[in-house]
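Novice: Handing you this structure, nothing more for now.
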Amino acid sequence: MQSRAYPTHPLLATSLAVIRDGRILLATRTKPPAKGLFSLPGGLVEAGETLEEAALRELEEEVGVAASIVGFNDHVEVIERDDHGKVARHFVIASFVASWVRGEGSHSSEAGRVIWATPDDLGALPTTRGLERIAARAFEVIEANRVAGKSRR
């Protein structure tokens with residue numbers, strides 16, 4: 001498996017903004033990068049997996065929640081350089097939006113504190129860069145689907 005530190009190429013990952021009753025599922029990261037910050041559940045895509053399959057698998061593995069994907073949200077790029085300018089980490093994250101199906105959310109080796117946050121809560125939480133933007137778009141996607149009466153699954 002490709003090393004996450006000092007990779008030879010960008011690593012493909014997914015995340016999932018799960019919305020339930022006007023709240024979004026967040027968990028603190030237990031490992032670098034972003035250790036201790038609230039983020040969306042997600043992780044690396046495995047060979048042979050679609051992006052959506054990876055997002056749903058990571059959600060279940062990290063926080064024990066099941067969801068139904070509503071649509072694509074946006075992509076996020078994380079590029080970190082060391083003191084010498086060398087790329088220390090590089091992730092390209094495909095972020096999806098989903099409606100909650102079951103599970104309250106629980107901690108794991110990759111997810112510390114797990115919460116259901118309102119949009120107003122986000123500004124006061126220590127979060128990964130860009131999370132407020134991704135969350136705002138996720139709420140818009142959920143609302144648009146509700147108004148249109150659509151569901152992908």
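Labeling convention for the structure tokens: chains A, B, ... as they appear, residues from 1 per chain, ligands from 1 in order of appearance.
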Can you list, as a list in words, every protein, DNA or RNA residue that comes within 9 Å of Leu59 of chain A when you count only C-alpha atoms, leaving out same-chain residues fewer than 5 positions away?
Specialist: Ser15, Leu16, Leu40, Pro41, Gly42, Gly43, Ala54, Gly64, Val65, Ala66 and Ala67 of chain A
Novice: Those residues with C-alpha atoms, as a PDB file, in the first residue's frame please?
Specialist:
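Result file follows (part_7.pdb):
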ATOM      1  CA  SER A  15     -15.943  11.727   2.577  1.00  0.00           C
ATOM      2  CA  LEU A  16     -19.629  11.710   3.354  1.00  0.00           C
ATOM      3  CA  LEU A  40     -16.649  14.304   7.851  1.00  0.00           C
ATOM      4  CA  PRO A  41     -16.241  10.524   8.027  1.00  0.00           C
ATOM      5  CA  GLY A  42     -14.204   9.204   5.122  1.00  0.00           C
ATOM      6  CA  GLY A  43     -10.997   7.620   3.973  1.00  0.00           C
ATOM      7  CA  ALA A  54     -15.785   3.639  -0.440  1.00  0.00           C
ATOM      8  CA  GLY A  64     -21.124   2.727  12.644  1.00  0.00           C
ATOM      9  CA  VAL A  65     -23.678   4.706  10.643  1.00  0.00           C
ATOM     10  CA  ALA A  66     -25.538   3.680   7.489  1.00  0.00           C
ATOM     11  CA  ALA A  67     -26.756   6.244   4.968  1.00  0.00           C
TER      12      ALA A  67
END
Novice: Residues within 6 Å of Leu12 of chain A, please, as a short mmCIF file (atom, residue, chain, number, x, y, z; two decimals) with N, CA and C atoms, in the first residue's frame. Count only C-alpha atoms; anything in the same chain fewer than 6 positions from it doesn't count.
Specialist:
data_model
loop_
_atom_site.label_atom_id
_atom_site.label_comp_id
_atom_site.auth_asym_id
_atom_site.auth_seq_id
_atom_site.Cartn_x
_atom_site.Cartn_y
_atom_site.Cartn_z
N LEU A 44 -9.55 6.50 2.44
CA LEU A 44 -9.01 6.13 1.14
C LEU A 44 -9.91 5.15 0.39
N VAL A 45 -9.92 5.29 -0.91
CA VAL A 45 -10.64 4.37 -1.80
C VAL A 45 -9.75 3.16 -2.02
N PHE A 91 -3.91 14.55 -0.67
CA PHE A 91 -5.16 13.80 -0.82
C PHE A 91 -6.09 14.56 -1.74
N VAL A 92 -6.80 13.84 -2.60
CA VAL A 92 -7.91 14.38 -3.37
C VAL A 92 -9.14 13.64 -2.85
#
Novice: Between atom CA of Arg89 of chain A and atom CA of Tyr6 of chain A, what is the distance, to one decimal in Å?
Specialist: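 Interatomic distance here is 5.7 Å.
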Novice: Out of A:His75, A:Asn145, A:Arg113, A:Ile93, which residue has the shortest atom-to-atom distance to Pro126 of chain A when counting only C-alpha atoms?
Specialist: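 Nearest to Pro126 of chain A: A:Arg113.
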Novice: For segment 132-138 of chain A, find every residue with an atom within 12 Å (counting only C-alpha atoms), except residues of its own chain fewer than 4 positions away, and show them as a ChimeraX atom specification.
Specialist: /A:15-20,22-26,38-40,69-76,93-99,117-128,142-145
